[in-house]
$ cat data_19.csv   # CSV, C-alpha atoms
chain,number,residue,atom,x,y,z
O,1,MET,CA,17.7,-11.5,20.4
O,2,GLU,CA,21.2,-11.6,19.0
O,3,ILE,CA,22.1,-9.7,15.9
O,4,ASN,CA,24.2,-11.5,13.2
O,5,PRO,CA,27.8,-10.0,13.5
O,6,ASN,CA,28.2,-10.5,9.8
O,7,LEU,CA,25.5,-8.0,8.9
O,8,SER,CA,26.6,-4.9,7.0
O,9,VAL,CA,26.6,-1.4,8.7
O,10,LYS,CA,23.4,-0.7,6.7
O,11,ALA,CA,21.7,-3.9,7.8
O,12,GLN,CA,22.7,-3.2,11.4
O,13,ARG,CA,21.1,0.2,11.2
O,14,ASP,CA,18.0,-1.5,9.8
O,15,PHE,CA,17.9,-3.8,12.8
O,16,GLU,CA,18.1,-0.8,15.1
O,17,LEU,CA,15.2,0.8,13.3
O,18,VAL,CA,13.2,-2.4,13.4
O,19,GLU,CA,13.6,-2.6,17.2
O,20,LEU,CA,12.5,1.0,17.6
O,21,ALA,CA,9.5,0.3,15.2
O,22,LYS,CA,8.4,-2.6,17.4
O,23,LYS,CA,8.2,-0.2,20.3
O,24,GLY,CA,5.9,2.0,18.2
O,25,ASP,CA,8.3,4.6,16.9
O,26,GLN,CA,6.6,5.9,13.8
O,27,GLN,CA,9.7,7.7,12.5
O,28,SER,CA,11.5,4.4,12.3
O,29,TYR,CA,8.8,3.0,10.1
O,30,ALA,CA,9.1,6.0,7.9
O,31,GLU,CA,12.9,5.7,7.7
O,32,LEU,CA,12.7,2.0,6.8
O,33,MET,CA,10.2,2.8,4.1
O,34,GLY,CA,12.4,5.6,2.8
O,35,ARG,CA,15.5,3.4,2.6
O,36,TYR,CA,13.8,0.7,0.5
O,37,ARG,CA,10.7,2.1,-1.2
O,38,ASP,CA,12.3,2.9,-4.6
O,39,ALA,CA,14.2,-0.4,-4.7
O,40,ILE,CA,11.1,-2.4,-4.0
O,41,TYR,CA,9.0,-0.4,-6.4
O,42,PHE,CA,11.4,-0.8,-9.4
O,43,MET,CA,11.8,-4.6,-8.6
O,44,LEU,CA,8.0,-5.0,-8.7
O,45,LEU,CA,7.7,-2.8,-11.8
O,46,LYS,CA,10.0,-5.3,-13.6
O,47,MET,CA,7.7,-8.1,-12.5
O,48,VAL,CA,4.3,-6.7,-13.3
O,49,ASN,CA,5.3,-4.1,-16.0
O,50,SER,CA,2.6,-1.7,-14.7
O,51,THR,CA,3.4,1.5,-12.8
O,52,VAL,CA,0.0,1.4,-11.1
O,53,ASP,CA,0.3,-2.3,-9.9
O,54,ALA,CA,3.9,-1.7,-8.8
O,55,GLU,CA,2.8,1.3,-6.7
O,56,ASP,CA,0.0,-0.7,-5.1
O,57,LEU,CA,2.2,-3.8,-4.5
O,58,THR,CA,4.9,-1.6,-3.0
O,59,ILE,CA,2.4,-0.2,-0.4
O,60,GLU,CA,1.1,-3.8,0.2
O,61,ALA,CA,4.6,-5.1,0.8
O,62,PHE,CA,5.5,-2.5,3.4
O,63,GLY,CA,2.1,-3.0,5.0
O,64,LYS,CA,2.6,-6.7,5.3
O,65,ALA,CA,6.2,-6.3,6.6
O,66,PHE,CA,5.2,-3.7,9.2
O,67,LYS,CA,2.2,-5.7,10.3
O,68,ASN,CA,4.4,-8.8,10.8
O,69,ILE,CA,7.5,-7.0,11.9
O,70,ASP,CA,7.7,-9.1,15.1
O,71,GLN,CA,8.5,-12.1,12.9
O,72,TYR,CA,11.7,-10.6,11.6
O,73,ALA,CA,14.8,-12.4,12.8
O,74,PRO,CA,18.1,-10.5,12.8
O,75,SER,CA,20.0,-13.6,11.7
O,76,PHE,CA,19.7,-12.1,8.1
O,77,ALA,CA,19.3,-8.6,6.7
O,78,PHE,CA,15.9,-6.8,7.0
O,79,SER,CA,16.2,-6.0,3.3
O,80,THR,CA,16.3,-9.7,2.5
O,81,TRP,CA,13.2,-10.4,4.5
O,82,LEU,CA,11.4,-7.3,3.0
O,83,PHE,CA,12.3,-8.2,-0.6
O,84,LYS,CA,11.1,-11.8,0.0
O,85,ILE,CA,7.7,-10.5,1.3
O,86,ALA,CA,7.4,-8.2,-1.7
O,87,THR,CA,8.3,-10.9,-4.2
O,88,ASN,CA,5.9,-13.5,-2.7
O,89,ASN,CA,3.1,-11.0,-2.5
O,90,CYS,CA,3.7,-10.0,-6.2
O,91,ILE,CA,3.7,-13.7,-7.3
O,92,ASP,CA,0.4,-14.2,-5.5
O,93,PHE,CA,-1.0,-11.1,-7.3
O,94,ILE,CA,0.2,-12.3,-10.7
O,95,ARG,CA,-1.4,-15.7,-10.1
O,96,LYS,CA,-4.7,-14.1,-9.1
O,97,LYS,CA,-4.7,-11.7,-12.0
O,98,ARG,CA,-4.2,-14.6,-14.4
O,99,GLY,CA,-6.9,-16.6,-12.7
O,100,SER,CA,-9.6,-14.0,-12.9
O,101,HIS,CA,-10.0,-11.1,-15.2
O,102,VAL,CA,-12.3,-8.6,-13.5
O,103,SER,CA,-13.6,-5.7,-15.5
O,104,LEU,CA,-12.2,-2.3,-14.6
O,105,ASP,CA,-15.6,-0.7,-15.5
O,106,GLN,CA,-16.9,-0.9,-12.0
O,107,SER,CA,-19.9,0.8,-10.6
O,108,VAL,CA,-19.8,3.2,-7.7
O,109,ASP,CA,-21.4,0.5,-5.5
O,110,ASP,CA,-18.4,-1.8,-6.0
O,111,GLU,CA,-16.3,-1.8,-2.9
O,112,ASP,CA,-13.1,-1.7,-4.9
O,113,THR,CA,-14.1,1.3,-7.1
O,114,LEU,CA,-11.6,3.5,-5.4
O,115,ASN,CA,-8.7,1.1,-5.6
O,116,PRO,CA,-5.8,2.9,-7.4
O,117,SER,CA,-5.6,0.0,-9.9
O,118,ALA,CA,-9.3,0.5,-10.8
O,119,MET,CA,-9.1,4.2,-11.1
O,120,ILE,CA,-5.8,4.6,-12.8
O,121,GLN,CA,-5.5,2.3,-15.8
O,122,SER,CA,-2.3,1.8,-17.7
O,123,ASP,CA,0.0,-1.1,-18.4
O,124,SER,CA,2.4,1.0,-20.5
O,125,PRO,CA,6.1,1.1,-19.4
O,126,ASP,CA,6.5,4.3,-21.5
O,127,PRO,CA,8.4,7.0,-19.4
O,128,GLU,CA,5.7,9.7,-20.2
O,129,ALA,CA,2.9,7.3,-19.1
O,130,THR,CA,4.9,6.5,-16.0
O,131,MET,CA,5.1,10.2,-15.1
O,132,ILE,CA,1.4,10.8,-15.8
O,133,ASN,CA,0.4,7.9,-13.7
O,134,GLN,CA,2.6,8.9,-10.8
O,135,GLN,CA,0.9,12.3,-11.0
O,136,LYS,CA,-2.5,10.7,-10.9
O,137,ILE,CA,-1.5,8.6,-7.8
O,138,LYS,CA,-0.4,11.8,-6.1
O,139,MET,CA,-3.7,13.5,-7.1
O,140,MET,CA,-5.6,10.6,-5.7
O,141,ARG,CA,-3.8,10.9,-2.4
O,142,ASP,CA,-4.3,14.6,-2.4
O,143,VAL,CA,-8.1,14.0,-2.8
O,144,VAL,CA,-8.1,11.5,0.1
O,145,SER,CA,-6.3,14.1,2.3
O,146,LYS,CA,-9.3,16.4,1.9
O,147,LEU,CA,-11.6,14.0,3.8
O,148,LYS,CA,-12.4,14.4,7.4
O,149,PRO,CA,-9.9,12.4,9.6
O,150,ARG,CA,-12.3,9.6,10.4
O,151,TYR,CA,-13.1,9.0,6.7
O,152,ARG,CA,-9.5,9.5,5.6
O,153,ASN,CA,-8.4,6.9,8.1
O,154,LEU,CA,-10.9,4.4,6.8
O,155,VAL,CA,-10.0,4.9,3.2
O,156,GLU,CA,-6.3,4.6,3.9
O,157,LEU,CA,-6.8,1.4,5.9
O,158,ARG,CA,-9.1,-0.2,3.3
O,159,TYR,CA,-7.6,0.9,0.0
O,160,PHE,CA,-4.0,1.7,0.7
O,161,LYS,CA,-3.2,-0.8,3.4
O,162,GLU,CA,-5.6,-3.4,2.1
O,163,TYR,CA,-7.2,-4.1,5.5
O,164,SER,CA,-10.3,-6.4,5.6
O,165,TYR,CA,-13.5,-5.0,7.1
O,166,GLU,CA,-12.8,-7.2,10.2
O,167,GLU,CA,-9.2,-5.8,10.6
O,168,ILE,CA,-10.5,-2.3,10.3
O,169,ALA,CA,-13.2,-3.0,12.9
O,170,ASP,CA,-10.5,-4.3,15.2
O,171,GLU,CA,-8.1,-1.5,14.5
O,172,LEU,CA,-10.7,1.3,15.1
O,173,ASP,CA,-12.8,-0.6,17.7
O,174,LEU,CA,-16.0,-0.2,15.6
O,175,PRO,CA,-18.8,-2.6,14.7
O,176,ILE,CA,-18.3,-4.0,11.1
O,177,GLY,CA,-21.7,-2.5,10.1
O,178,THR,CA,-20.4,0.9,11.1
O,179,VAL,CA,-17.2,0.4,9.2
O,180,LYS,CA,-19.1,-0.6,6.0
O,181,ALA,CA,-21.5,2.3,6.3
O,182,GLN,CA,-18.8,4.9,6.9
O,183,LEU,CA,-16.7,3.5,4.1
O,184,PHE,CA,-19.7,3.8,1.7
O,185,ARG,CA,-20.1,7.4,2.9
O,186,ALA,CA,-16.3,8.0,2.4
O,187,ARG,CA,-16.5,6.7,-1.2
O,188,GLU,CA,-19.4,9.1,-1.9
O,189,LEU,CA,-17.5,12.0,-0.5
O,190,LEU,CA,-14.4,11.1,-2.5
O,191,LEU,CA,-16.3,10.9,-5.7
O,192,ASN,CA,-18.0,14.2,-5.0
O,193,ILE,CA,-14.6,15.8,-4.4
O,194,ILE,CA,-13.2,14.3,-7.7
O,195,ASN,CA,-16.3,15.6,-9.6
O,196,ARG,CA,-16.1,19.0,-8.0
O,197,THR,CA,-12.4,19.6,-8.6
O,198,GLY,CA,-12.4,18.0,-12.0
O,199,VAL,CA,-9.6,15.6,-11.2
O,200,LYS,CA,-9.2,13.3,-14.2
O,201,MET,CA,-8.5,9.8,-12.9
$ encode --input "data_19.csv" --output "structure tokens"
Amino acid sequence: MEINPNLSVKAQRDFELVELAKKGDQQSYAELMGRYRDAIYFMLLKMVNSTVDAEDLTIEAFGKAFKNIDQYAPSFAFSTWLFKIATNNCIDFIRKKRGSHVSLDQSVDDEDTLNPSAMIQSDSPDPEATMINQQKIKMMRDVVSKLKPRYRNLVELRYFKEYSYEEIADELDLPIGTVKAQLFRARELLLNIINRTGVKM
């Protein structure tokens, strides 16, 4: 695949990282995310005016880009492709949000109870609120990190990478019934940790 000679030095480095990422180099994924995470986040924050939604949508954008990284063509900059994915995903999110208003007062049995947008509620662009919500997101990730690896992996795939049950089953080579049962158990364990540590979400 030929790279566009008109690409900037930064874009050419991105292309090199993409090629390494396609071969399974995890450090390349991390470097690509590090290069664009803040820019994507602040772009999305302007669109949705919610720190929580912007954080979720940033994770989703990178998840979709990395999942479909083989579709990237070096005829244009990786950043252009990534920003387009993030923008389109955000537009879809806004349309869905306008189309259906789901109560955030969800029960423990609801499969989305542990979604960051359900647990951390604030649409305020106020700097203090932004800082508080970023701290809450970090605390939520810290809580998830306390789970056993198999449960932590399930929670990350389901709630941070937005995988469907079928995708998780394929990824982990498990029956869908097992995935649902273990996710239910993982949610129980997470809520127990939250209650035990007194984390205010």
$ residues_around --input "data_19.csv" --residues "region 81-97 of chain O" --least-positions-apart "3" --cutoff "8 Å" --atoms "all atoms listed in the file" --output "CSV table (one decimal) with C-alpha atoms, keeping the file's coordinate frame"
chain,number,residue,atom,x,y,z
O,40,ILE,CA,11.1,-2.4,-4.0
O,44,LEU,CA,8.0,-5.0,-8.7
O,47,MET,CA,7.7,-8.1,-12.5
O,48,VAL,CA,4.3,-6.7,-13.3
O,57,LEU,CA,2.2,-3.8,-4.5
O,58,THR,CA,4.9,-1.6,-3.0
O,60,GLU,CA,1.1,-3.8,0.2
O,61,ALA,CA,4.6,-5.1,0.8
O,62,PHE,CA,5.5,-2.5,3.4
O,64,LYS,CA,2.6,-6.7,5.3
O,65,ALA,CA,6.2,-6.3,6.6
O,72,TYR,CA,11.7,-10.6,11.6
O,76,PHE,CA,19.7,-12.1,8.1
O,77,ALA,CA,19.3,-8.6,6.7
O,78,PHE,CA,15.9,-6.8,7.0
O,100,SER,CA,-9.6,-14.0,-12.9
O,101,HIS,CA,-10.0,-11.1,-15.2
$ atom_distance --input "data_19.csv" --atom1 "CA of Gln27 (chain O)" --atom2 "CA of Lys46 (chain O)"
29.2 Å
$ atom_distance --input "data_19.csv" --atom1 "CA of Ile168 (chain O)" --atom2 "CA of Leu32 (chain O)"
23.9 Å
$ atom_distance --input "data_19.csv" --atom1 "CA of Lys10 (chain O)" --atom2 "CA of Thr51 (chain O)"
28.0 Å
$ residues_near_point --input "data_19.csv" --point "(-10.1, 6.8, 7.8)" --cutoff "12 Å" --atoms "all atoms listed in the file" --output "MDAnalysis selection string"
chainID O and resid 144:161 163 168:169 171:172 179:180 182:187 190
